[in-house]
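Everything on this sheet refers to the single structure shown next.
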There are 2 protein chains.
Amino acid sequence: MANTYCVGVDIGGTTVKIGLFHVSGRLEDKWEIPTDHADGGLHILEEVAQSIQEHVFQKGLSKEDILGIGVGVPGPVQPDGHVEVCVNLGWMDIYPAKILSQLLGGGVECYVGNDANVAALGEMWQGGGKGHDNIIFVTLGTGVGGGIIVNGRIVAGSHGLGGEIGHIHIREEEKEICNCGGTGCLEQVASATGIVREARRILEKYPQASSMRAFKTLTCKDVCDCAKQGDELAVLTMETCMRYLGWALSILTHVCDPQVFVLGGGVSAAGEWLTKLVQKTYDRLTPLLHEKPQVTLAMLGNDAGIYGAARLALSESKMSV
Amino acid sequence: MANTYCVGVDIGGTTVKIGLFHVSGRLEDKWEIPTDHADGGLHILEEVAQSIQEHVFQKGLSKEDILGIGVGVPGPVQPDGHVEVCVNLGWMDIYPAKILSQLLGGGVECYVGNDANVAALGEMWQGGGKGHDNIIFVTLGTGVGGGIIVNGRIVAGSHGLGGEIGHIHIREEEKEICNCGGTGCLEQVASATGIVREARRILEKYPQASSMRAFKTLTCKDVCDCAKQGDELAVLTMETCMRYLGWALSILTHVCDPQVFVLGGGVSAAGEWLTKLVQKTYDRLTPLLHEKPQVTLAMLGNDAGIYGAARLALSESKMSV
């Protein structure tokens, strides 16, 4: 049956995840291959093409069955599909979608997007944002990333900076320099790294006892666990960090006004306790909204990328019909 | 000739502006009627319909010639065209586009949008954002409004709050309450009203001489003029206010990443001197951008609304084909 399936490819620094989906959103099969860093990442797309041949086309599906293939890459993607640089893969100046389509011998449309944006699309399709088409997805991991979905489509931006929520300047008094070269970025305070740093600062500043002091190497999970148990300095840390996140989300409402915010990444494992903390500041800073959008949790975990890449193929191919 | 023209209607608190446009963007005719506040604004759309009959259909054009009619209204518009409340007009709970279409006897598609969003579309079409399809328009007047255009379409938001840039929380230490019920909104510091308030605060705080002290009733234009002449406290005022605006624009880049920012409204009459001041902070807070988008000036003045309303009809009717 023509155009019944789509393929989602999520290229990460360590592994490439690939999923075969029914267009209804049902995951039919998923597998992964290691990311081949040799020769500046030159072979990554060759191996992706080969893997799709083996897992899809040599198992009974023809090119006519595949509506399209979406690819998420860990770097900014220009509106024309150009990837100037992708540090984690070693890529410079390439058009991944065009190349993958050529490697497959043509006849299958390929589409490319930034991995965080694509993951947002996945969470909209079958995750925490299911049922909505205006969502904002924020990943709280080592860094802070995000994706803005308006009317079911990624806001990629004119330089590929759409949804780069982690580098919103939010903390004026911050002195340390962020990875991006700026200061006071959301990522510096709301990522796992940022939360631990804030905890250390607070432990240094205040003399009182804290269960956080017992950890040799304090992790973000430790801070969250201590805060949940009522440790005063851990609570102060999390309230400080999540106040900035709530503030950032309130700004996003006055820009894009989504139906729902979806939080993912390692930090979001702290669960509803965390979303409630974020929602507190968010609600206070959105007095124009009578019904507040929910701050909710991502549901697809590491599969968000393949879901979203498949959904990208689905929506982009519809647009080009 | 079928579908050669479109009509733009800009409903304001004092007058309703109406323009007849060729679909190429050429303004063929424009006129205005007073806004009739009687009976809770009940007659406004009746009078708009009558005026369109007289100026368009009784002058040789038929309904087939008109691609559509766009209407900008001074209040939030829900995604389905519902206007819950429009304080300046007295409207409650109405669907202006449906009503206007009925009043014209059907056969002409009508579309409605928030006036600031619609003006953004106008500036994209034939104004300061011409040639681009990802722009952010900010009006600096009595308040601060705005419109976000992504891929040529308004980001209206799921509660009509899309582009409500004036109510971005940006100044944490602000104590006064904003019209919206919040505190520290961009509007409180970057509107004409906000600039004058900031000047007064600075005049109170610092003892030194300032030419601003000579004005009985200080206006925003006075503050700008004094600053341009190098008056130290006026410069401090404008630097403070425009730093917040530049900061807000830098945030917008990490959300929507537009090609250009267009500044309109009374404050923007200060010209390139003002955009340079804004650009200074903006450039500093967008280290990820090698090529900075321009902060430029609006070009359509009070006509932005009719241009944008006509463009709304043009783009929405294309979408529905």
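Starting from 1 in every chain, residues are counted up; chains themselves are A, B, ... following the order of the structure tokens, and ligands are numbered from 1 as listed.
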For this session: Compute the set of chain A residues within 8 Å of chain B, using only C-alpha atoms, and express it as an MDAnalysis selection string.
Result: chainID A and resid 134 148 150 155:165 167:169 180:182 247 250:259 284:289
Skip stretch 41-43 of chain B itself and residues of its chain fewer than 4 positions away, then list as an mmCIF file with C-alpha atoms, in the first residue's frame all residues within 8 Å of it, counting only C-alpha atoms.
data_model
loop_
_atom_site.group_PDB
_atom_site.id
_atom_site.type_symbol
_atom_site.label_atom_id
_atom_site.label_comp_id
_atom_site.auth_asym_id
_atom_site.auth_seq_id
_atom_site.Cartn_x
_atom_site.Cartn_y
_atom_site.Cartn_z
ATOM 1 C CA ASP B 36 -19.651 54.075 16.196
ATOM 2 C CA HIS B 37 -19.585 53.232 19.893
ATOM 3 C CA GLU B 47 -21.328 50.501 8.896
ATOM 4 C CA LEU B 89 -15.120 48.894 20.931
ATOM 5 C CA GLY B 90 -17.502 47.614 23.586
ATOM 6 C CA TRP B 91 -17.634 44.195 21.915
#
Exercise. How would you write, as a ChimeraX atom specification, the set of residues in stretch 16-144 of chain B that DSSP gives as helix (DSSP H, G or I)?
Worked result: /B:38-41,44-55,57-59,63-65,96-103,115-126
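Between atom CA of B:Glu316 and atom CA of B:Cys6 the separation is 11.6 Å.
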Seminar exercise, completed: The distance between atom CA of A:Pro96 and atom CA of A:Asp303 is 20.6 Å
For this session: Considering only C-alpha atoms, return as a ChimeraX atom specification whatever protein or nucleic-acid residues lie within 7 Å of stretch 240-246 of chain B, sequence-local ones (same chain, fewer than 6 positions apart) excluded.
Result: /B:170,189-190,195,277-279,281-282
Could you dump the residues just selected with C-alpha atoms as a PDB file, in the first residue's frame?
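What landed in selection.pdb:
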ATOM      1  CA  ILE B 170      11.780  41.587  31.715  1.00  0.00           C
ATOM      2  CA  VAL B 189       9.848  50.435  30.290  1.00  0.00           C
ATOM      3  CA  ALA B 190       9.859  50.607  26.468  1.00  0.00           C
ATOM      4  CA  ILE B 195      10.192  56.064  28.888  1.00  0.00           C
ATOM      5  CA  LEU B 277      20.692  51.899  20.648  1.00  0.00           C
ATOM      6  CA  VAL B 278      18.499  48.778  20.610  1.00  0.00           C
ATOM      7  CA  GLN B 279      20.876  46.911  18.321  1.00  0.00           C
ATOM      8  CA  THR B 281      22.275  45.283  23.474  1.00  0.00           C
ATOM      9  CA  TYR B 282      20.708  42.926  20.951  1.00  0.00           C
TER      10      TYR B 282
END
Problem set entry | Residues of stretch 128-248 of chain A in strand (DSSP E), written as a list in words | Ile135, Ile136, Phe137, Val138, Thr139, Leu140, Val144, Gly145, Gly146, Gly147, Ile148, Ile149, Val150, Arg153 and Ile154 of chain A
Contacts of B:Thr35 at 8 Å (only C-alpha atoms; same-chain gap of 4+ positions) as a PDB file with C-alpha atoms, in the first residue's frame:
ATOM      1  CA  ILE B  11     -11.013  48.905  13.286  1.00  0.00           C
ATOM      2  CA  GLY B  12      -9.663  51.350  15.840  1.00  0.00           C
ATOM      3  CA  GLY B  13     -11.178  53.019  18.882  1.00  0.00           C
ATOM      4  CA  THR B  14     -11.740  56.311  17.028  1.00  0.00           C
ATOM      5  CA  THR B  15     -11.876  55.528  13.319  1.00  0.00           C
ATOM      6  CA  VAL B  16     -12.218  52.548  11.030  1.00  0.00           C
ATOM      7  CA  ILE B  44     -19.591  49.070  13.688  1.00  0.00           C
TER       8      ILE B  44
END
For this session: Fewer than 2 positions away in the same chain doesn't count, so skip those; otherwise give me all residues within 8 Å of A:Thr275, counting only C-alpha atoms, as a PyMOL selection string.
Result: chain A and resi 263+271-273+277-279+295-297
Would you mind listing what lies within 12 Å of B:Glu204 as a short mmCIF file (atom, residue, chain, number, x, y, z; two decimals) with N, CA and C atoms, in the first residue's frame, with only C-alpha atoms counted and same-chain residues fewer than 6 positions away left out?
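File written: selection.cif
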data_model
loop_
_atom_site.label_atom_id
_atom_site.label_comp_id
_atom_site.auth_asym_id
_atom_site.auth_seq_id
_atom_site.Cartn_x
_atom_site.Cartn_y
_atom_site.Cartn_z
N ARG B 197 8.24 57.82 32.36
CA ARG B 197 8.28 57.42 33.77
C ARG B 197 9.72 57.17 34.22
N GLU B 198 10.47 56.48 33.36
CA GLU B 198 11.87 56.20 33.67
C GLU B 198 12.67 57.51 33.78
N SER B 210 19.88 68.91 34.04
CA SER B 210 19.43 68.20 32.84
C SER B 210 18.44 69.10 32.11
N MET B 212 16.06 68.16 30.58
CA MET B 212 14.72 67.60 30.75
C MET B 212 13.95 68.30 31.87
N ARG B 213 14.70 68.91 32.80
CA ARG B 213 14.03 69.55 33.94
C ARG B 213 13.23 70.79 33.53
N LEU B 233 21.38 62.73 31.57
CA LEU B 233 20.31 61.94 32.20
C LEU B 233 19.31 61.42 31.16
#
Exercise. Suppose you want the space between atom CA of A:Thr217 and atom CA of A:Ala298; what is it in Å?
Worked result: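 According to the coordinates, atom CA of A:Thr217 and atom CA of A:Ala298 are separated by 27.5 Å.
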Problem set entry | B:Ile52 environment, 12 Å, only C-alpha atoms, sequence neighbours closer than 2 positions dropped, as JSON, numbers by chain | {"B": [6, 7, 8, 9, 16, 17, 18, 19, 20, 29, 30, 31, 32, 33, 45, 46, 47, 48, 49, 50, 54, 55, 56, 57, 58, 59, 61, 62, 63, 66, 69, 100, 101, 103, 104, 108]}
Problem set entry | Pick from A:Gly143, A:Gly68, A:Gly40, A:Pro207 nearest to A:Ser317, counting only C-alpha atoms | A:Gly68
